[in-house]
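For reference, the structure is listed below as C-alpha cells.
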Amino acid sequence: GQILAFVSSPDFSPDIFTGNTTLREWRDIVNDPTKPLLNRITNGLYPPGSTFKMITAIALLEGLMIEQDEEFECAGIYQFGDRVFKCWKVSGHGKVNLDQAITQSCNIFFYQAVQRVSLNRFINLCQNFGFGSKTGIDLPNELAGLVPTRDYMNRRYTSRGWSRGHLLNLALGQGELLATPIQLAVYINKIATKGNTFIPHFLLSKVPESTNSINLNEETWVNVEKYLFNAVNHKYGTGLAADPKINGIKVYGKTGTAQNSHGDDHAWFVGYAKDENQMASTIILVENGGGGGKIAAPIARIAFKHLFNKNIEDRLAVK
C-alpha cells in the first residue's frame, strides 16, 4: 500500500504561498479552468472505461456463466432494444472468447455476456473491489465515487428508472459509474494480490492496514491475471506500449478509453509489474487524452522502466 509517486496535473507553484499572496494571484488560481487546486488522484471523478472489464469478467467466471472457449460475435455494432452500441473497432473483432475480449478490449463481447449477470451480483462485486467507498488513504477530503444501484437510478430518473441497458454501460465502466484514480489503484492491487492488499498510504511510519479481502476461486484469479498479461504482451493486446521490455519483469494491465460528456475521451491504463523481488502497480489517467493504448500505456512503460531499472541498479550497487 505504500505510495511511491503521486502526480496530479495541472498544478501550481507553491512559491506564491511563501509570502503575501495577492488577491489577484489567488483569484487566478481559483478561477483557472484547468483546476490546478483539484487533487485529481483522490478528488477527481471519472468513468473508468474499459479498465472495468475485469469486474465483468470476474462476475461471469465466479457465476459459472461462461466457458473459457465460449465465443461471441463482434461485428462492430450491437443492437439492444432501440439502442445501438458500438465497438471501438468499427469493422469488428469477429468471434472472440473472454481472453481475447480482454486482450483486444472488445466491447461487443461484454455487451452480450453481461446480460447473464444479475444487477445485484454486479453491484456487490463493484463494491467489494472498493468502488463507491473511500479508500482510507491518509489524505483529507477523499471522494467516494459512485456505483449506481437500482434505487439510485430509480430516484434519479423516476419514470424511466433502471433498465437492463444501464447494465450494458456498467459492463464497460461507463454510464453513471464514477471513480477516483486512487480507487483504480486499490482495484488493480486487489487483483494483483488475489484479493489481499493494503490501504494506500504515504506515511512510512504507518502500520499498513488491510482492505477488505475478496475470496474468489483460485481459477478465477489465475485466469484474470492471464488476461491482463495478454493485454500487455500479446501482439493484438491494447496495452502493448506499457511493456518496458526489461529482462525478468512481467507486466500486466488493461487500457481504457472512457467516454466523456464534457469533452474528448479520457485515456486510462491500470496495471502492475513484478519480478522475483518486488511488485508495483501504476495508474495512468490523461484527461481528454484519447485512446488508453496510445496515450496512457506509453506513460506506464516509462514509470515501470524507471522503477525497475532503478531498483536493479540499486541491488547491483549493494553487491
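By order in the C-alpha cells, chains are A, B, ...; within a chain, residues start at 1; ligands start at 1, following the order shown.
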Worksheet entry | Test item: residues at most 10 Å from A:Phe129, only C-alpha atoms, excluding those fewer than 2 positions along its chain, as a PyMOL selection string | chain A and resi 55+124-127+131-133+183-184+186-191+195+211-214
Just the selected residues (N, CA and C atoms), exported as a compact mmCIF listing (two decimals), in the first residue's frame, please.
# COMPACT_ATOMS: atom_id res chain seq x y z
N ILE A 55 -14.01 -6.52 -13.89
CA ILE A 55 -15.14 -6.75 -12.98
C ILE A 55 -16.17 -7.63 -13.67
N ASN A 124 -22.62 -5.72 -6.11
CA ASN A 124 -21.90 -6.23 -4.93
C ASN A 124 -20.42 -6.44 -5.24
N LEU A 125 -20.13 -6.93 -6.43
CA LEU A 125 -18.74 -7.15 -6.82
C LEU A 125 -18.01 -5.82 -6.96
N CYS A 126 -18.66 -4.84 -7.56
CA CYS A 126 -18.06 -3.49 -7.67
C CYS A 126 -17.69 -2.96 -6.29
N GLN A 127 -18.62 -3.09 -5.35
CA GLN A 127 -18.39 -2.57 -4.01
C GLN A 127 -17.31 -3.34 -3.28
N PHE A 131 -15.18 0.18 -5.11
CA PHE A 131 -15.86 1.27 -5.82
C PHE A 131 -17.08 1.73 -5.01
N GLY A 132 -17.29 3.04 -5.00
CA GLY A 132 -18.39 3.61 -4.24
C GLY A 132 -18.06 3.88 -2.78
N SER A 133 -16.81 3.64 -2.37
CA SER A 133 -16.38 3.88 -0.99
C SER A 133 -15.00 4.54 -0.98
N GLN A 183 -8.98 4.87 -6.31
CA GLN A 183 -9.83 3.68 -6.25
C GLN A 183 -9.40 2.66 -7.30
N LEU A 184 -9.00 3.15 -8.47
CA LEU A 184 -8.48 2.24 -9.50
C LEU A 184 -7.19 1.58 -9.04
N VAL A 186 -6.46 0.76 -5.87
CA VAL A 186 -6.86 -0.32 -4.95
C VAL A 186 -7.42 -1.50 -5.73
N TYR A 187 -8.19 -1.20 -6.74
CA TYR A 187 -8.80 -2.23 -7.60
C TYR A 187 -7.75 -3.11 -8.25
N ILE A 188 -6.75 -2.51 -8.89
CA ILE A 188 -5.74 -3.32 -9.56
C ILE A 188 -4.84 -4.02 -8.55
N ASN A 189 -4.62 -3.39 -7.38
CA ASN A 189 -3.83 -4.03 -6.33
C ASN A 189 -4.53 -5.28 -5.80
N LYS A 190 -5.85 -5.21 -5.70
CA LYS A 190 -6.59 -6.38 -5.23
C LYS A 190 -6.48 -7.53 -6.22
N ILE A 191 -6.49 -7.21 -7.49
CA ILE A 191 -6.31 -8.25 -8.50
C ILE A 191 -4.89 -8.82 -8.42
N GLY A 195 -6.83 -10.48 -3.96
CA GLY A 195 -7.84 -10.05 -3.00
C GLY A 195 -7.34 -9.61 -1.66
N THR A 211 -7.19 -3.83 3.34
CA THR A 211 -8.53 -3.57 2.85
C THR A 211 -9.36 -4.84 3.10
N ASN A 212 -10.65 -4.77 2.81
CA ASN A 212 -11.44 -5.99 2.91
C ASN A 212 -10.91 -7.02 1.91
N SER A 213 -10.80 -8.26 2.34
CA SER A 213 -10.31 -9.29 1.44
C SER A 213 -11.43 -9.77 0.52
N ILE A 214 -11.06 -10.25 -0.65
CA ILE A 214 -12.03 -10.76 -1.62
C ILE A 214 -11.72 -12.22 -1.87
Fill in: All helix (DSSP H, G or I) positions in stretch 214-289 of chain A, as a ChimeraX atom specification
/A:218-233,240-242
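Between A:Asp243 and the residues A:Phe110, A:Leu216, A:Lys274, A:Leu143, the shortest atom-to-atom distance, using only C-alpha atoms, involves A:Lys274.
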Practice prompt. Please provide the set of residues having any atom within 8 Å of stretch 253-265 of chain A, restricted to only C-alpha atoms, with same-chain residues fewer than 3 positions apart removed, written as number ranges by chain.
Written response: A: 47-51, 102, 105, 173-174, 228-229, 231-232, 238-239, 268-272, 287-293, 296-297
Worksheet entry | Residues of stretch 38-280 of chain A in strand (DSSP E or B), written as a ChimeraX atom specification | /A:46,72-74,77-80,83-86,94-96,146,178-179,198,201,210,250-258,266-274,279-280
Worksheet entry | Shortest interatomic distance to A:Ala179 - which of A:Arg40, A:Arg24, A:Arg121, A:His93, counting only C-alpha atoms |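 Smallest distance to A:Ala179 is found for A:Arg40.
In this structure, atom CA of A:Gln2 sits 8.3 Å away from atom CA of A:Phe198.
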Fill in: Counting only C-alpha atoms, the option among A:Asp11, A:Glu209, A:Glu276, A:Asp28 closest to A:Thr135
A:Glu209
Worksheet item: Quick one: distance from atom CA of A:Pro244 to atom CA of A:Ile302 in Å, one decimal?
Response: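 Interatomic distance here is 7.1 Å.
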